[in-house]
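Accompanying notes for the structure given below.
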Amino acid sequence: MDIHPLEKFKYCPKCGSKHFDVNNEKSRKCDNCGFVYYQNPSAATAAFILNERGELLVERRGKEPAKGMLDLPGGFVNNDETAEEGIAREVLEETGLEIVSTDYLFSLPNIYIYSGMEIHTLDMFFACTVAEGSQPVAADDAAECFWLPIGDIHTEQFGLRSIRHAMRKFLEEHRRVR
């Protein structure tokens, strides 16, 4: 059973009071000191990277959730990063490729199950470019990374809900502009 993050908060993080109760569906309030904690989504990114042959860079997930399923390069944004810095760092960590440019496309809300807990995310998708001829090398969370021809993409092979939804949007747009 997955647990909403607010269910784990039993004590006020400011004063330690056990009178830390539900305020509304996305917050808890301390009856002792008045502190209100809001559960907001974590920022995450994913990259659509096409090579000169029009193939999409995809990864095979090396860790849960969705271990063994396909994914796009990306991950969580650090506290001191912009989304653009976060996607560049994640792509470098997972594939060894350096991003040359990023263009924001769209965002999708998501729930990422980690250690049995629901992590609400706001997944931001970018069209990214890398130097021509760049070859990815899987590292970090990626068990494998490779260039996949657009015609060989099957959204059900992508393990995370927001990535599948984003892939459908990407494929619809790709077909529309062709």
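As shown in the structure tokens, the chain order sets the letters A, B, ...; within each chain, residues go from 1, and ligands are also counted from 1 in the order they appear.
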Can you check which parts of region 27-84 of chain A lie within 9 Å of region 133-137 of chain A? Per residue, the shortest pair of atoms and distance in Å to one decimal, counting only C-alpha atoms, sorted by chain and number, as JSON lines.
```
{"residue": "A:Asn51", "atom": "CA", "partner": "A:Gly133", "partner_atom": "CA", "distance": 7.6}
{"residue": "A:Glu52", "atom": "CA", "partner": "A:Gly133", "partner_atom": "CA", "distance": 7.6}
{"residue": "A:Leu57", "atom": "CA", "partner": "A:Pro136", "partner_atom": "CA", "distance": 8.3}
```
Could you turn the residues from that selection into a file that holds N, CA, C and O atoms, as an mmCIF file, in the first residue's frame?
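What landed in selection_29.cif:
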```
data_model
loop_
_atom_site.group_PDB
_atom_site.id
_atom_site.type_symbol
_atom_site.label_atom_id
_atom_site.label_comp_id
_atom_site.auth_asym_id
_atom_site.auth_seq_id
_atom_site.Cartn_x
_atom_site.Cartn_y
_atom_site.Cartn_z
ATOM 1 N N ASN A 51 18.790 12.433 -32.513
ATOM 2 C CA ASN A 51 20.078 12.517 -33.201
ATOM 3 C C ASN A 51 19.864 12.963 -34.644
ATOM 4 O O ASN A 51 18.733 13.235 -35.066
ATOM 5 N N GLU A 52 20.947 13.033 -35.401
ATOM 6 C CA GLU A 52 20.876 13.521 -36.782
ATOM 7 C C GLU A 52 20.055 12.609 -37.699
ATOM 8 O O GLU A 52 19.610 13.022 -38.761
ATOM 9 N N LEU A 57 16.736 9.308 -28.096
ATOM 10 C CA LEU A 57 17.550 8.687 -27.060
ATOM 11 C C LEU A 57 16.638 8.186 -25.944
ATOM 12 O O LEU A 57 15.865 8.957 -25.368
#
```
Which of region 107-176 of chain A counts as alpha helix (DSSP H) under DSSP, as a PDB file with N, CA, C and O atoms, in the first residue's frame please?
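And here is the file that came out, out_34.pdb:
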```pdb
ATOM      1  N   ARG A 161       4.114   6.554 -15.707  1.00  0.00           N
ATOM      2  CA  ARG A 161       2.873   7.102 -16.276  1.00  0.00           C
ATOM      3  C   ARG A 161       3.088   8.418 -17.015  1.00  0.00           C
ATOM      4  O   ARG A 161       2.612   8.604 -18.129  1.00  0.00           O
ATOM      5  N   SER A 162       3.787   9.373 -16.397  1.00  0.00           N
ATOM      6  CA  SER A 162       3.951  10.674 -17.044  1.00  0.00           C
ATOM      7  C   SER A 162       4.818  10.562 -18.297  1.00  0.00           C
ATOM      8  O   SER A 162       4.607  11.290 -19.266  1.00  0.00           O
ATOM      9  N   ILE A 163       5.777   9.651 -18.291  1.00  0.00           N
ATOM     10  CA  ILE A 163       6.633   9.461 -19.472  1.00  0.00           C
ATOM     11  C   ILE A 163       5.802   8.872 -20.616  1.00  0.00           C
ATOM     12  O   ILE A 163       5.926   9.305 -21.764  1.00  0.00           O
ATOM     13  N   ARG A 164       4.940   7.901 -20.304  1.00  0.00           N
ATOM     14  CA  ARG A 164       4.064   7.334 -21.350  1.00  0.00           C
ATOM     15  C   ARG A 164       3.179   8.423 -21.946  1.00  0.00           C
ATOM     16  O   ARG A 164       3.025   8.510 -23.165  1.00  0.00           O
ATOM     17  N   HIS A 165       2.583   9.258 -21.082  1.00  0.00           N
ATOM     18  CA  HIS A 165       1.725  10.350 -21.547  1.00  0.00           C
ATOM     19  C   HIS A 165       2.543  11.326 -22.405  1.00  0.00           C
ATOM     20  O   HIS A 165       2.098  11.762 -23.470  1.00  0.00           O
ATOM     21  N   ALA A 166       3.727  11.681 -21.942  1.00  0.00           N
ATOM     22  CA  ALA A 166       4.592  12.603 -22.692  1.00  0.00           C
ATOM     23  C   ALA A 166       5.002  11.996 -24.033  1.00  0.00           C
ATOM     24  O   ALA A 166       5.061  12.701 -25.047  1.00  0.00           O
ATOM     25  N   MET A 167       5.270  10.697 -24.052  1.00  0.00           N
ATOM     26  CA  MET A 167       5.634  10.037 -25.309  1.00  0.00           C
ATOM     27  C   MET A 167       4.478  10.109 -26.309  1.00  0.00           C
ATOM     28  O   MET A 167       4.706  10.329 -27.494  1.00  0.00           O
ATOM     29  N   ARG A 168       3.243   9.917 -25.825  1.00  0.00           N
ATOM     30  CA  ARG A 168       2.082  10.024 -26.726  1.00  0.00           C
ATOM     31  C   ARG A 168       2.000  11.437 -27.311  1.00  0.00           C
ATOM     32  O   ARG A 168       1.771  11.607 -28.514  1.00  0.00           O
ATOM     33  N   LYS A 169       2.192  12.457 -26.463  1.00  0.00           N
ATOM     34  CA  LYS A 169       2.166  13.849 -26.941  1.00  0.00           C
ATOM     35  C   LYS A 169       3.283  14.085 -27.963  1.00  0.00           C
ATOM     36  O   LYS A 169       3.069  14.713 -29.001  1.00  0.00           O
ATOM     37  N   PHE A 170       4.465  13.599 -27.655  1.00  0.00           N
ATOM     38  CA  PHE A 170       5.616  13.751 -28.544  1.00  0.00           C
ATOM     39  C   PHE A 170       5.347  13.096 -29.901  1.00  0.00           C
ATOM     40  O   PHE A 170       5.597  13.694 -30.949  1.00  0.00           O
ATOM     41  N   LEU A 171       4.835  11.867 -29.886  1.00  0.00           N
ATOM     42  CA  LEU A 171       4.564  11.154 -31.138  1.00  0.00           C
ATOM     43  C   LEU A 171       3.459  11.828 -31.946  1.00  0.00           C
ATOM     44  O   LEU A 171       3.554  11.911 -33.175  1.00  0.00           O
ATOM     45  N   GLU A 172       2.409  12.320 -31.275  1.00  0.00           N
ATOM     46  CA  GLU A 172       1.338  13.038 -31.976  1.00  0.00           C
ATOM     47  C   GLU A 172       1.895  14.288 -32.657  1.00  0.00           C
ATOM     48  O   GLU A 172       1.572  14.565 -33.810  1.00  0.00           O
ATOM     49  N   GLU A 173       2.715  15.044 -31.953  1.00  0.00           N
ATOM     50  CA  GLU A 173       3.309  16.260 -32.510  1.00  0.00           C
ATOM     51  C   GLU A 173       4.268  15.914 -33.657  1.00  0.00           C
ATOM     52  O   GLU A 173       4.284  16.582 -34.680  1.00  0.00           O
ATOM     53  N   HIS A 174       5.036  14.849 -33.488  1.00  0.00           N
ATOM     54  CA  HIS A 174       5.973  14.430 -34.528  1.00  0.00           C
ATOM     55  C   HIS A 174       5.233  14.056 -35.815  1.00  0.00           C
ATOM     56  O   HIS A 174       5.649  14.420 -36.900  1.00  0.00           O
ATOM     57  N   ARG A 175       4.111  13.347 -35.666  1.00  0.00           N
ATOM     58  CA  ARG A 175       3.314  12.955 -36.843  1.00  0.00           C
ATOM     59  C   ARG A 175       2.662  14.177 -37.488  1.00  0.00           C
ATOM     60  O   ARG A 175       2.528  14.243 -38.690  1.00  0.00           O
ATOM     61  N   ARG A 176       2.235  15.131 -36.649  1.00  0.00           N
ATOM     62  CA  ARG A 176       1.557  16.339 -37.152  1.00  0.00           C
ATOM     63  C   ARG A 176       2.489  17.203 -37.999  1.00  0.00           C
ATOM     64  O   ARG A 176       2.075  17.732 -39.023  1.00  0.00           O
TER      65      ARG A 176
END
```
What are the closest atom pairs, with distances in Å to one decimal, for each residue of region 122-164 of chain A lying within 10 Å of region 71-93 of chain A, using only C-alpha atoms, rows by chain and rising residue number, as JSON lines?
```
{"residue": "A:Leu122", "atom": "CA", "partner": "A:Phe76", "partner_atom": "CA", "distance": 9.6}
{"residue": "A:Asp123", "atom": "CA", "partner": "A:Phe76", "partner_atom": "CA", "distance": 8.7}
{"residue": "A:Met124", "atom": "CA", "partner": "A:Ala83", "partner_atom": "CA", "distance": 7.7}
{"residue": "A:Phe125", "atom": "CA", "partner": "A:Gly74", "partner_atom": "CA", "distance": 9.0}
{"residue": "A:Phe126", "atom": "CA", "partner": "A:Ile87", "partner_atom": "CA", "distance": 8.1}
{"residue": "A:Cys128", "atom": "CA", "partner": "A:Ala88", "partner_atom": "CA", "distance": 8.8}
{"residue": "A:Val130", "atom": "CA", "partner": "A:Val91", "partner_atom": "CA", "distance": 9.9}
{"residue": "A:Pro136", "atom": "CA", "partner": "A:Leu92", "partner_atom": "CA", "distance": 9.2}
{"residue": "A:Val137", "atom": "CA", "partner": "A:Leu92", "partner_atom": "CA", "distance": 9.6}
{"residue": "A:Ala138", "atom": "CA", "partner": "A:Glu93", "partner_atom": "CA", "distance": 8.6}
{"residue": "A:Ala139", "atom": "CA", "partner": "A:Glu93", "partner_atom": "CA", "distance": 6.5}
{"residue": "A:Asp140", "atom": "CA", "partner": "A:Glu93", "partner_atom": "CA", "distance": 6.1}
{"residue": "A:Asp141", "atom": "CA", "partner": "A:Glu93", "partner_atom": "CA", "distance": 8.5}
{"residue": "A:Ala142", "atom": "CA", "partner": "A:Pro73", "partner_atom": "CA", "distance": 8.1}
{"residue": "A:Cys145", "atom": "CA", "partner": "A:Pro73", "partner_atom": "CA", "distance": 8.7}
{"residue": "A:Thr155", "atom": "CA", "partner": "A:Asp71", "partner_atom": "CA", "distance": 9.9}
{"residue": "A:Gln157", "atom": "CA", "partner": "A:Asp71", "partner_atom": "CA", "distance": 8.5}
{"residue": "A:Phe158", "atom": "CA", "partner": "A:Asp71", "partner_atom": "CA", "distance": 5.5}
{"residue": "A:Gly159", "atom": "CA", "partner": "A:Asp71", "partner_atom": "CA", "distance": 6.8}
{"residue": "A:Leu160", "atom": "CA", "partner": "A:Asp71", "partner_atom": "CA", "distance": 7.4}
{"residue": "A:Ile163", "atom": "CA", "partner": "A:Asp71", "partner_atom": "CA", "distance": 6.9}
{"residue": "A:Arg164", "atom": "CA", "partner": "A:Asp71", "partner_atom": "CA", "distance": 8.7}
```
Would you mind exporting N, CA, C and O atoms of the selected residues as a PDB file, in the first residue's frame?
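What follows is the written file part.pdb:
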```pdb
ATOM      1  N   LEU A 122       6.208  17.377 -10.385  1.00  0.00           N
ATOM      2  CA  LEU A 122       5.825  18.140 -11.561  1.00  0.00           C
ATOM      3  C   LEU A 122       6.933  17.861 -12.563  1.00  0.00           C
ATOM      4  O   LEU A 122       8.066  18.332 -12.399  1.00  0.00           O
ATOM      5  N   ASP A 123       6.631  17.036 -13.557  1.00  0.00           N
ATOM      6  CA  ASP A 123       7.617  16.617 -14.547  1.00  0.00           C
ATOM      7  C   ASP A 123       7.630  17.613 -15.697  1.00  0.00           C
ATOM      8  O   ASP A 123       6.605  17.845 -16.342  1.00  0.00           O
ATOM      9  N   MET A 124       8.805  18.204 -15.920  1.00  0.00           N
ATOM     10  CA  MET A 124       8.989  19.193 -16.989  1.00  0.00           C
ATOM     11  C   MET A 124       9.760  18.540 -18.125  1.00  0.00           C
ATOM     12  O   MET A 124      10.821  17.949 -17.906  1.00  0.00           O
ATOM     13  N   PHE A 125       9.222  18.666 -19.333  1.00  0.00           N
ATOM     14  CA  PHE A 125       9.800  18.015 -20.507  1.00  0.00           C
ATOM     15  C   PHE A 125      10.478  19.048 -21.396  1.00  0.00           C
ATOM     16  O   PHE A 125       9.930  20.119 -21.640  1.00  0.00           O
ATOM     17  N   PHE A 126      11.662  18.676 -21.863  1.00  0.00           N
ATOM     18  CA  PHE A 126      12.478  19.549 -22.687  1.00  0.00           C
ATOM     19  C   PHE A 126      12.889  18.842 -23.968  1.00  0.00           C
ATOM     20  O   PHE A 126      13.143  17.634 -23.966  1.00  0.00           O
ATOM     21  N   CYS A 128      15.983  18.662 -26.138  1.00  0.00           N
ATOM     22  CA  CYS A 128      17.397  18.973 -25.930  1.00  0.00           C
ATOM     23  C   CYS A 128      18.206  18.531 -27.138  1.00  0.00           C
ATOM     24  O   CYS A 128      17.846  17.578 -27.829  1.00  0.00           O
ATOM     25  N   VAL A 130      22.289  17.595 -28.406  1.00  0.00           N
ATOM     26  CA  VAL A 130      23.652  17.253 -28.033  1.00  0.00           C
ATOM     27  C   VAL A 130      24.508  17.391 -29.294  1.00  0.00           C
ATOM     28  O   VAL A 130      23.976  17.510 -30.400  1.00  0.00           O
ATOM     29  N   PRO A 136      25.864   7.843 -26.524  1.00  0.00           N
ATOM     30  CA  PRO A 136      25.583   7.712 -25.097  1.00  0.00           C
ATOM     31  C   PRO A 136      26.254   6.484 -24.480  1.00  0.00           C
ATOM     32  O   PRO A 136      26.454   5.471 -25.145  1.00  0.00           O
ATOM     33  N   VAL A 137      26.588   6.606 -23.205  1.00  0.00           N
ATOM     34  CA  VAL A 137      27.113   5.497 -22.418  1.00  0.00           C
ATOM     35  C   VAL A 137      26.297   5.455 -21.128  1.00  0.00           C
ATOM     36  O   VAL A 137      26.280   6.435 -20.377  1.00  0.00           O
ATOM     37  N   ALA A 138      25.619   4.347 -20.884  1.00  0.00           N
ATOM     38  CA  ALA A 138      24.738   4.231 -19.722  1.00  0.00           C
ATOM     39  C   ALA A 138      25.517   4.321 -18.413  1.00  0.00           C
ATOM     40  O   ALA A 138      26.569   3.707 -18.255  1.00  0.00           O
ATOM     41  N   ALA A 139      24.984   5.100 -17.478  1.00  0.00           N
ATOM     42  CA  ALA A 139      25.562   5.235 -16.138  1.00  0.00           C
ATOM     43  C   ALA A 139      24.450   5.644 -15.179  1.00  0.00           C
ATOM     44  O   ALA A 139      23.313   5.870 -15.592  1.00  0.00           O
ATOM     45  N   ASP A 140      24.776   5.746 -13.905  1.00  0.00           N
ATOM     46  CA  ASP A 140      23.851   6.183 -12.851  1.00  0.00           C
ATOM     47  C   ASP A 140      22.606   5.296 -12.849  1.00  0.00           C
ATOM     48  O   ASP A 140      22.729   4.087 -12.666  1.00  0.00           O
ATOM     49  N   ASP A 141      21.402   5.859 -13.049  1.00  0.00           N
ATOM     50  CA  ASP A 141      20.151   5.093 -12.992  1.00  0.00           C
ATOM     51  C   ASP A 141      19.866   4.292 -14.263  1.00  0.00           C
ATOM     52  O   ASP A 141      18.969   3.462 -14.267  1.00  0.00           O
ATOM     53  N   ALA A 142      20.599   4.550 -15.332  1.00  0.00           N
ATOM     54  CA  ALA A 142      20.322   3.902 -16.616  1.00  0.00           C
ATOM     55  C   ALA A 142      21.115   2.602 -16.748  1.00  0.00           C
ATOM     56  O   ALA A 142      22.342   2.592 -16.645  1.00  0.00           O
ATOM     57  N   CYS A 145      21.364   2.686 -22.544  1.00  0.00           N
ATOM     58  CA  CYS A 145      20.795   3.805 -23.296  1.00  0.00           C
ATOM     59  C   CYS A 145      21.143   3.611 -24.765  1.00  0.00           C
ATOM     60  O   CYS A 145      22.212   3.110 -25.103  1.00  0.00           O
ATOM     61  N   THR A 155       4.601   3.169 -26.689  1.00  0.00           N
ATOM     62  CA  THR A 155       4.489   3.864 -25.403  1.00  0.00           C
ATOM     63  C   THR A 155       4.306   2.911 -24.223  1.00  0.00           C
ATOM     64  O   THR A 155       4.731   3.230 -23.118  1.00  0.00           O
ATOM     65  N   GLN A 157       5.918   0.412 -23.533  1.00  0.00           N
ATOM     66  CA  GLN A 157       7.220  -0.062 -23.069  1.00  0.00           C
ATOM     67  C   GLN A 157       7.879   0.908 -22.081  1.00  0.00           C
ATOM     68  O   GLN A 157       8.906   0.591 -21.496  1.00  0.00           O
ATOM     69  N   PHE A 158       7.261   2.078 -21.896  1.00  0.00           N
ATOM     70  CA  PHE A 158       7.788   3.073 -20.961  1.00  0.00           C
ATOM     71  C   PHE A 158       7.090   2.870 -19.623  1.00  0.00           C
ATOM     72  O   PHE A 158       5.862   2.852 -19.544  1.00  0.00           O
ATOM     73  N   GLY A 159       7.873   2.740 -18.556  1.00  0.00           N
ATOM     74  CA  GLY A 159       7.345   2.301 -17.271  1.00  0.00           C
ATOM     75  C   GLY A 159       6.650   3.340 -16.414  1.00  0.00           C
ATOM     76  O   GLY A 159       5.859   2.978 -15.560  1.00  0.00           O
ATOM     77  N   LEU A 160       6.939   4.608 -16.610  1.00  0.00           N
ATOM     78  CA  LEU A 160       6.361   5.634 -15.752  1.00  0.00           C
ATOM     79  C   LEU A 160       5.200   6.338 -16.454  1.00  0.00           C
ATOM     80  O   LEU A 160       5.288   6.672 -17.635  1.00  0.00           O
ATOM     81  N   ILE A 163       5.777   9.651 -18.291  1.00  0.00           N
ATOM     82  CA  ILE A 163       6.633   9.461 -19.472  1.00  0.00           C
ATOM     83  C   ILE A 163       5.802   8.872 -20.616  1.00  0.00           C
ATOM     84  O   ILE A 163       5.926   9.305 -21.764  1.00  0.00           O
ATOM     85  N   ARG A 164       4.940   7.901 -20.304  1.00  0.00           N
ATOM     86  CA  ARG A 164       4.064   7.334 -21.350  1.00  0.00           C
ATOM     87  C   ARG A 164       3.179   8.423 -21.946  1.00  0.00           C
ATOM     88  O   ARG A 164       3.025   8.510 -23.165  1.00  0.00           O
TER      89      ARG A 164
END
```
- Query: Using only C-alpha atoms, which residues sit within 12 Å of Lys8 (chain A) once same-chain residues fewer than 3 positions away are excluded, as a ChimeraX atom specification?
  - Reply: /A:2-5,11-13,20-22,28,39,116-118
File dump, residues just selected, all heavy atoms, as a short mmCIF file (atom, residue, chain, number, x, y, z; two decimals), in the first residue's frame:
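Contents of the output file selection-v6.cif:
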```
data_model
loop_
_atom_site.label_atom_id
_atom_site.label_comp_id
_atom_site.auth_asym_id
_atom_site.auth_seq_id
_atom_site.Cartn_x
_atom_site.Cartn_y
_atom_site.Cartn_z
N ASP A 2 0.61 2.17 -0.88
CA ASP A 2 1.39 3.40 -0.98
C ASP A 2 0.84 4.43 0.01
O ASP A 2 -0.36 4.52 0.23
CB ASP A 2 1.33 3.95 -2.40
CG ASP A 2 1.90 2.95 -3.39
OD1 ASP A 2 2.92 2.33 -3.06
OD2 ASP A 2 1.32 2.78 -4.47
N ILE A 3 1.75 5.20 0.57
CA ILE A 3 1.40 6.16 1.60
C ILE A 3 1.59 7.58 1.09
O ILE A 3 2.63 7.89 0.52
CB ILE A 3 2.28 5.95 2.85
CG1 ILE A 3 2.06 4.54 3.40
CG2 ILE A 3 2.02 6.99 3.91
CD1 ILE A 3 3.07 4.13 4.46
N HIS A 4 0.59 8.42 1.29
CA HIS A 4 0.72 9.83 0.95
C HIS A 4 1.71 10.45 1.94
O HIS A 4 1.66 10.16 3.14
CB HIS A 4 -0.65 10.52 1.04
CG HIS A 4 -0.63 11.92 0.52
ND1 HIS A 4 -0.19 12.97 1.28
CD2 HIS A 4 -1.00 12.43 -0.68
CE1 HIS A 4 -0.28 14.07 0.57
NE2 HIS A 4 -0.76 13.76 -0.62
N PRO A 5 2.61 11.32 1.46
CA PRO A 5 3.63 11.89 2.35
C PRO A 5 3.08 12.55 3.61
O PRO A 5 3.70 12.45 4.68
CB PRO A 5 4.35 12.91 1.47
CG PRO A 5 4.15 12.43 0.09
CD PRO A 5 2.80 11.75 0.08
N TYR A 11 4.51 14.72 13.89
CA TYR A 11 4.94 15.79 14.79
C TYR A 11 5.29 17.03 13.98
O TYR A 11 5.78 16.95 12.85
CB TYR A 11 6.17 15.36 15.59
CG TYR A 11 5.90 14.16 16.46
CD1 TYR A 11 6.19 12.87 15.99
CD2 TYR A 11 5.33 14.30 17.71
CE1 TYR A 11 5.93 11.77 16.77
CE2 TYR A 11 5.06 13.19 18.50
CZ TYR A 11 5.36 11.92 18.03
OH TYR A 11 5.08 10.83 18.80
N CYS A 12 5.05 18.18 14.55
CA CYS A 12 5.37 19.45 13.89
C CYS A 12 6.88 19.55 13.68
O CYS A 12 7.65 19.39 14.64
CB CYS A 12 4.87 20.61 14.76
SG CYS A 12 5.36 22.24 14.12
N PRO A 13 7.33 19.82 12.45
CA PRO A 13 8.77 19.94 12.20
C PRO A 13 9.37 21.22 12.79
O PRO A 13 10.59 21.32 12.92
CB PRO A 13 8.89 19.93 10.68
CG PRO A 13 7.55 20.29 10.18
CD PRO A 13 6.55 19.90 11.22
N PHE A 20 -0.18 18.01 15.37
CA PHE A 20 0.09 18.38 13.98
C PHE A 20 -0.96 17.69 13.14
O PHE A 20 -0.81 16.53 12.76
CB PHE A 20 1.51 17.95 13.61
CG PHE A 20 2.05 18.58 12.37
CD1 PHE A 20 2.05 19.95 12.18
CD2 PHE A 20 2.61 17.79 11.37
CE1 PHE A 20 2.58 20.53 11.04
CE2 PHE A 20 3.14 18.36 10.23
CZ PHE A 20 3.12 19.72 10.07
N ASP A 21 -2.05 18.38 12.86
CA ASP A 21 -3.23 17.76 12.28
C ASP A 21 -3.51 18.22 10.86
O ASP A 21 -3.01 19.25 10.40
CB ASP A 21 -4.44 18.06 13.17
CG ASP A 21 -4.25 17.53 14.58
OD1 ASP A 21 -3.85 16.35 14.72
OD2 ASP A 21 -4.48 18.30 15.54
N VAL A 22 -4.37 17.46 10.19
CA VAL A 22 -4.76 17.78 8.81
C VAL A 22 -5.40 19.17 8.79
O VAL A 22 -6.29 19.47 9.58
CB VAL A 22 -5.74 16.73 8.26
CG1 VAL A 22 -6.30 17.15 6.92
CG2 VAL A 22 -5.05 15.37 8.17
N ARG A 28 -0.81 20.25 6.60
CA ARG A 28 -1.02 19.97 8.02
C ARG A 28 -0.70 21.24 8.79
O ARG A 28 0.16 22.02 8.39
CB ARG A 28 -0.13 18.84 8.51
CG ARG A 28 -0.61 17.48 8.06
CD ARG A 28 0.15 16.38 8.77
NE ARG A 28 -0.41 15.10 8.46
CZ ARG A 28 -1.22 14.42 9.27
NH1 ARG A 28 -1.54 14.90 10.45
NH2 ARG A 28 -1.70 13.26 8.92
N GLN A 39 2.27 20.25 1.30
CA GLN A 39 2.88 19.21 0.47
C GLN A 39 2.78 19.66 -0.98
O GLN A 39 1.71 19.61 -1.58
CB GLN A 39 2.15 17.87 0.66
CG GLN A 39 2.52 16.79 -0.32
CD GLN A 39 4.00 16.48 -0.35
OE1 GLN A 39 4.61 16.31 0.69
NE2 GLN A 39 4.57 16.41 -1.51
N GLY A 116 7.90 2.89 -1.28
CA GLY A 116 6.53 2.69 -0.82
C GLY A 116 5.78 3.97 -0.51
O GLY A 116 4.69 3.93 0.05
N MET A 117 6.37 5.12 -0.86
CA MET A 117 5.73 6.39 -0.56
C MET A 117 5.43 7.13 -1.86
O MET A 117 6.21 7.07 -2.81
CB MET A 117 6.67 7.24 0.31
CG MET A 117 5.97 8.33 1.05
SD MET A 117 7.01 8.87 2.42
CE MET A 117 7.18 10.57 2.01
N GLU A 118 4.29 7.82 -1.90
CA GLU A 118 3.93 8.61 -3.07
C GLU A 118 4.70 9.93 -3.05
O GLU A 118 4.54 10.72 -2.13
CB GLU A 118 2.43 8.93 -3.07
CG GLU A 118 1.53 7.75 -3.27
CD GLU A 118 0.06 8.14 -3.25
OE1 GLU A 118 -0.27 9.30 -2.94
OE2 GLU A 118 -0.76 7.26 -3.54
#
```
- Item | Exercise: Ser27 (chain A) partners within 6 Å, only C-alpha atoms, chain neighbours under 4 positions left out, as an MDAnalysis selection string | chainID A and resid 23 37:39
- Query: For the atom pair CA of Phe146 (chain A) and CA of Ala127 (chain A), what is the interatomic distance in Å to one decimal place?
  - Reply: 16.8 Å
